[in-house]
Amino acid sequence: METSHRSLLAKLLAMAVAMFLFAIFVLPPLYDLFCEITGIGGRTGGQYEAVEVKVDTSRQVRVQFVAANNEQMPWEFYPMEHSVMVYPGESRAVNFFAHNTTGEDMIGQAIPSVLPNNAADYFHKTACFCFDNQPLAAGEQAELGLVFILDPDLPDNVNTVTLSYTLFDITDRTGLAIAQQ
């Protein structure tokens, strides 16, 4: 192979590696920041500090719960109630079930999303298992709690809100042993 061809091939390979590194390490945080700023993707913010809110008893909104595992997550994970009716401004607690069906200790992390997208700003979690890593020993089961409030300013045309969680295996990323949790 000619020297110019080798040089071109080396440059192309270096560029391909750089593109993969950019896609893996730079794009996800940029996407998260973009979604947080714009509200696109139905991402919910962090923990909401509850304040005295007047409950709107003139209407009820159905809140549906969906749970899914990332393809590398072998746990059993589902909402214990598939939907509830709430008054905007009312605090409501629900639970999700998680079961580490493997023979290994693992750590999971749930990532929330809210639909329709315009409802994400009105869905406030005051307590959520998604705020923390969820360590489960081999075969262990747990009820994971969520407490939320739908803001009374939720647009009148929103009658159903869907809260979806995707559960990811982050055992290798944490560098922590379950006993340390």
# chains A, B, ... in the order shown; residues from 1 in each chain; ligands from 1
>>> residues_around(residues="range 95-109 of chain A", least_positions_apart="3", cutoff="7 Å", atoms="only C-alpha atoms", output="list of chain:residue names")
A:Pro74, A:Trp75, A:Glu76, A:Phe77, A:Tyr78, A:Pro79, A:Met80, A:Cys130, A:Asn133, A:Gln134, A:Pro135, A:Leu136, A:Ala137, A:Ala138, A:Gly139, A:Glu140, A:Gln141, A:Ala142, A:Glu143, A:Leu144, A:Gly145, A:Leu146, A:Leu167, A:Phe168, A:Asp169, A:Ile170, A:Thr171, A:Ile178
>>> residues_around(residues="range 65-72 of chain A", least_positions_apart="2", cutoff="6 Å", atoms="only C-alpha atoms", output="list in words")
Tyr78, His82, Ser83, Thr162, Leu163, Ser164, Tyr165, Thr166, Leu167 and Phe168 of chain A
>>> write_last_selection(atoms="N, CA, C and O atoms", output="mmCIF file, in the first residue's frame")
data_model
loop_
_atom_site.group_PDB
_atom_site.id
_atom_site.type_symbol
_atom_site.label_atom_id
_atom_site.label_comp_id
_atom_site.auth_asym_id
_atom_site.auth_seq_id
_atom_site.Cartn_x
_atom_site.Cartn_y
_atom_site.Cartn_z
ATOM 1 N N TYR A 78 -42.391 -3.500 37.365
ATOM 2 C CA TYR A 78 -43.709 -3.077 36.899
ATOM 3 C C TYR A 78 -44.399 -2.202 37.948
ATOM 4 O O TYR A 78 -44.071 -2.265 39.139
ATOM 5 N N HIS A 82 -51.751 0.271 37.601
ATOM 6 C CA HIS A 82 -51.503 0.720 36.229
ATOM 7 C C HIS A 82 -52.030 2.124 35.975
ATOM 8 O O HIS A 82 -51.555 2.796 35.055
ATOM 9 N N SER A 83 -52.991 2.570 36.772
ATOM 10 C CA SER A 83 -53.465 3.952 36.657
ATOM 11 C C SER A 83 -54.210 4.341 37.923
ATOM 12 O O SER A 83 -54.706 3.469 38.652
ATOM 13 N N THR A 162 -49.266 10.131 31.291
ATOM 14 C CA THR A 162 -48.588 8.845 31.387
ATOM 15 C C THR A 162 -47.174 9.057 31.905
ATOM 16 O O THR A 162 -46.409 9.810 31.309
ATOM 17 N N LEU A 163 -46.866 8.405 33.018
ATOM 18 C CA LEU A 163 -45.520 8.427 33.570
ATOM 19 C C LEU A 163 -44.875 7.092 33.237
ATOM 20 O O LEU A 163 -45.382 6.038 33.616
ATOM 21 N N SER A 164 -43.778 7.166 32.524
ATOM 22 C CA SER A 164 -43.082 5.966 32.080
ATOM 23 C C SER A 164 -41.691 5.929 32.701
ATOM 24 O O SER A 164 -41.015 6.950 32.785
ATOM 25 N N TYR A 165 -41.284 4.756 33.142
ATOM 26 C CA TYR A 165 -39.929 4.566 33.652
ATOM 27 C C TYR A 165 -39.240 3.494 32.826
ATOM 28 O O TYR A 165 -39.826 2.461 32.516
ATOM 29 N N THR A 166 -37.976 3.744 32.502
ATOM 30 C CA THR A 166 -37.122 2.724 31.908
ATOM 31 C C THR A 166 -36.042 2.417 32.930
ATOM 32 O O THR A 166 -35.388 3.334 33.449
ATOM 33 N N LEU A 167 -35.871 1.144 33.248
ATOM 34 C CA LEU A 167 -34.910 0.708 34.254
ATOM 35 C C LEU A 167 -33.631 0.235 33.568
ATOM 36 O O LEU A 167 -33.676 -0.596 32.664
ATOM 37 N N PHE A 168 -32.501 0.778 34.026
ATOM 38 C CA PHE A 168 -31.196 0.466 33.454
ATOM 39 C C PHE A 168 -30.326 -0.238 34.481
ATOM 40 O O PHE A 168 -30.392 0.052 35.676
#
>>> select_by_dssp(residues="range 72-161 of chain A", states="strand (DSSP E or B)", output="PyMOL selection string")
chain A and resi 76-79+83-86+91-99+106-115+123-128+134-136+141-150+160-161
>>> closest_residue(among="A:Asp156, A:Val84, A:Asp172, A:Thr3", to="Ser58 in chain A", atoms="only C-alpha atoms")
A:Asp156
>>> atom_distance(atom1="CA of Val61 in chain A", atom2="CA of Lys125 in chain A")
16.0 Å
>>> atom_distance(atom1="CA of Gly89 in chain A", atom2="CA of Ile111 in chain A")
23.6 Å
>>> residues_around(residues="Val55 in chain A", least_positions_apart="4", cutoff="10 Å", atoms="only C-alpha atoms", output="PDB file with N, CA and C atoms, in the first residue's frame")
ATOM      1  N   ARG A  59     -62.181  18.711  38.721  1.00  0.00           N
ATOM      2  CA  ARG A  59     -61.849  17.739  37.666  1.00  0.00           C
ATOM      3  C   ARG A  59     -60.877  16.704  38.192  1.00  0.00           C
ATOM      4  N   VAL A  86     -56.617  11.272  39.958  1.00  0.00           N
ATOM      5  CA  VAL A  86     -56.201  12.257  40.957  1.00  0.00           C
ATOM      6  C   VAL A  86     -56.814  13.613  40.643  1.00  0.00           C
ATOM      7  N   TYR A  87     -57.002  14.390  41.692  1.00  0.00           N
ATOM      8  CA  TYR A  87     -57.374  15.784  41.531  1.00  0.00           C
ATOM      9  C   TYR A  87     -56.077  16.589  41.393  1.00  0.00           C
ATOM     10  N   PRO A  88     -56.019  17.531  40.470  1.00  0.00           N
ATOM     11  CA  PRO A  88     -54.833  18.387  40.405  1.00  0.00           C
ATOM     12  C   PRO A  88     -54.616  19.073  41.758  1.00  0.00           C
ATOM     13  N   GLY A  89     -53.386  19.041  42.236  1.00  0.00           N
ATOM     14  CA  GLY A  89     -53.036  19.606  43.529  1.00  0.00           C
ATOM     15  C   GLY A  89     -53.008  18.576  44.637  1.00  0.00           C
ATOM     16  N   GLU A  90     -53.555  17.392  44.389  1.00  0.00           N
ATOM     17  CA  GLU A  90     -53.601  16.316  45.380  1.00  0.00           C
ATOM     18  C   GLU A  90     -52.289  15.531  45.359  1.00  0.00           C
ATOM     19  N   SER A  91     -51.740  15.259  46.535  1.00  0.00           N
ATOM     20  CA  SER A  91     -50.554  14.432  46.642  1.00  0.00           C
ATOM     21  C   SER A  91     -50.985  12.964  46.588  1.00  0.00           C
ATOM     22  N   ILE A 149     -47.467  15.043  42.655  1.00  0.00           N
ATOM     23  CA  ILE A 149     -48.551  16.023  42.632  1.00  0.00           C
ATOM     24  C   ILE A 149     -48.674  16.527  41.199  1.00  0.00           C
ATOM     25  N   LEU A 150     -49.896  16.558  40.688  1.00  0.00           N
ATOM     26  CA  LEU A 150     -50.155  17.233  39.413  1.00  0.00           C
ATOM     27  C   LEU A 150     -50.493  18.681  39.742  1.00  0.00           C
ATOM     28  N   ASP A 151     -49.780  19.583  39.138  1.00  0.00           N
ATOM     29  CA  ASP A 151     -49.995  21.007  39.378  1.00  0.00           C
ATOM     30  C   ASP A 151     -51.419  21.391  38.967  1.00  0.00           C
ATOM     31  N   PRO A 152     -52.128  22.174  39.797  1.00  0.00           N
ATOM     32  CA  PRO A 152     -53.484  22.610  39.435  1.00  0.00           C
ATOM     33  C   PRO A 152     -53.532  23.434  38.140  1.00  0.00           C
TER      34      PRO A 152
END
>>> closest_residue(among="A:Ala93, A:Thr160, A:Thr126, A:Asp132", to="Ala110 in chain A", atoms="only C-alpha atoms")
A:Asp132
>>> residues_around(residues="Asn159 in chain A", least_positions_apart="5", cutoff="10 Å", atoms="only C-alpha atoms", output="short mmCIF file (atom, residue, chain, number, x, y, z; two decimals) with all heavy atoms, in the first residue's frame")
data_model
loop_
_atom_site.label_atom_id
_atom_site.label_comp_id
_atom_site.auth_asym_id
_atom_site.auth_seq_id
_atom_site.Cartn_x
_atom_site.Cartn_y
_atom_site.Cartn_z
N ARG A 59 -62.18 18.71 38.72
CA ARG A 59 -61.85 17.74 37.67
C ARG A 59 -60.88 16.70 38.19
O ARG A 59 -60.17 16.93 39.17
CB ARG A 59 -61.27 18.43 36.44
CG ARG A 59 -59.89 19.02 36.67
CD ARG A 59 -59.38 19.68 35.41
NE ARG A 59 -58.05 20.22 35.63
CZ ARG A 59 -57.07 20.11 34.77
NH1 ARG A 59 -57.26 19.49 33.62
NH2 ARG A 59 -55.90 20.63 35.02
N GLN A 60 -60.88 15.57 37.53
CA GLN A 60 -59.91 14.52 37.84
C GLN A 60 -59.11 14.22 36.58
O GLN A 60 -59.60 14.36 35.46
CB GLN A 60 -60.61 13.26 38.33
CG GLN A 60 -61.11 13.36 39.75
CD GLN A 60 -61.53 12.00 40.27
OE1 GLN A 60 -62.37 11.33 39.68
NE2 GLN A 60 -60.94 11.59 41.39
N VAL A 61 -57.89 13.77 36.81
CA VAL A 61 -56.99 13.42 35.72
C VAL A 61 -56.53 11.99 35.95
O VAL A 61 -56.17 11.62 37.07
CB VAL A 61 -55.78 14.38 35.67
CG1 VAL A 61 -54.80 13.97 34.58
CG2 VAL A 61 -56.24 15.82 35.48
N ARG A 62 -56.54 11.19 34.91
CA ARG A 62 -56.02 9.81 35.00
C ARG A 62 -54.51 9.87 34.82
O ARG A 62 -54.01 10.47 33.88
CB ARG A 62 -56.63 8.92 33.92
CG ARG A 62 -56.06 7.49 33.95
CD ARG A 62 -56.67 6.59 32.90
NE ARG A 62 -58.11 6.53 32.99
CZ ARG A 62 -58.82 5.82 33.88
NH1 ARG A 62 -58.16 5.08 34.77
NH2 ARG A 62 -60.12 5.82 33.90
N VAL A 63 -53.79 9.25 35.75
CA VAL A 63 -52.34 9.11 35.63
C VAL A 63 -52.05 7.63 35.40
O VAL A 63 -52.41 6.80 36.23
CB VAL A 63 -51.60 9.64 36.87
CG1 VAL A 63 -50.09 9.46 36.72
CG2 VAL A 63 -51.94 11.11 37.11
N MET A 85 -56.76 7.83 39.47
CA MET A 85 -57.43 9.10 39.21
C MET A 85 -57.04 10.06 40.33
O MET A 85 -57.10 9.69 41.50
CB MET A 85 -58.96 8.92 39.17
CG MET A 85 -59.46 8.03 38.05
SD MET A 85 -59.09 8.65 36.39
CE MET A 85 -60.18 10.06 36.30
N LEU A 154 -52.26 22.52 35.42
CA LEU A 154 -52.22 21.59 34.29
C LEU A 154 -53.28 22.02 33.28
O LEU A 154 -54.43 22.28 33.67
CB LEU A 154 -52.50 20.16 34.77
CG LEU A 154 -52.53 19.07 33.70
CD1 LEU A 154 -51.11 18.76 33.24
CD2 LEU A 154 -53.17 17.81 34.26
#
>>> atom_distance(atom1="CA of Pro116 in chain A", atom2="CA of Lys54 in chain A")
23.4 Å
>>> closest_residue(among="A:Glu2, A:Glu81, A:Asp153, A:Asp56", to="Phe123 in chain A", atoms="only C-alpha atoms")
A:Asp153
>>> decode(residues="range 89-100 of chain A", atoms="N, CA and C atoms", output="mmCIF file, in the first residue's frame")
data_model
loop_
_atom_site.group_PDB
_atom_site.id
_atom_site.type_symbol
_atom_site.label_atom_id
_atom_site.label_comp_id
_atom_site.auth_asym_id
_atom_site.auth_seq_id
_atom_site.Cartn_x
_atom_site.Cartn_y
_atom_site.Cartn_z
ATOM 1 N N GLY A 89 -53.386 19.041 42.236
ATOM 2 C CA GLY A 89 -53.036 19.606 43.529
ATOM 3 C C GLY A 89 -53.008 18.576 44.637
ATOM 4 N N GLU A 90 -53.555 17.392 44.389
ATOM 5 C CA GLU A 90 -53.601 16.316 45.380
ATOM 6 C C GLU A 90 -52.289 15.531 45.359
ATOM 7 N N SER A 91 -51.740 15.259 46.535
ATOM 8 C CA SER A 91 -50.554 14.432 46.642
ATOM 9 C C SER A 91 -50.985 12.964 46.588
ATOM 10 N N ARG A 92 -50.252 12.158 45.806
ATOM 11 C CA ARG A 92 -50.638 10.756 45.642
ATOM 12 C C ARG A 92 -49.401 9.867 45.710
ATOM 13 N N ALA A 93 -49.508 8.758 46.405
ATOM 14 C CA ALA A 93 -48.413 7.797 46.516
ATOM 15 C C ALA A 93 -48.773 6.525 45.760
ATOM 16 N N VAL A 94 -47.818 5.996 45.021
ATOM 17 C CA VAL A 94 -47.964 4.718 44.331
ATOM 18 C C VAL A 94 -46.648 3.954 44.474
ATOM 19 N N ASN A 95 -46.693 2.663 44.179
ATOM 20 C CA ASN A 95 -45.490 1.835 44.275
ATOM 21 C C ASN A 95 -45.238 1.081 42.981
ATOM 22 N N PHE A 96 -43.968 0.821 42.748
ATOM 23 C CA PHE A 96 -43.527 -0.037 41.662
ATOM 24 C C PHE A 96 -42.849 -1.246 42.311
ATOM 25 N N PHE A 97 -42.859 -2.359 41.611
ATOM 26 C CA PHE A 97 -42.262 -3.594 42.108
ATOM 27 C C PHE A 97 -41.003 -3.885 41.310
ATOM 28 N N ALA A 98 -39.940 -4.249 42.005
ATOM 29 C CA ALA A 98 -38.690 -4.653 41.347
ATOM 30 C C ALA A 98 -38.211 -5.958 41.960
ATOM 31 N N HIS A 99 -37.727 -6.843 41.094
ATOM 32 C CA HIS A 99 -37.221 -8.138 41.545
ATOM 33 C C HIS A 99 -35.974 -8.458 40.738
ATOM 34 N N ASN A 100 -34.860 -8.598 41.446
ATOM 35 C CA ASN A 100 -33.615 -8.999 40.806
ATOM 36 C C ASN A 100 -33.681 -10.507 40.616
#
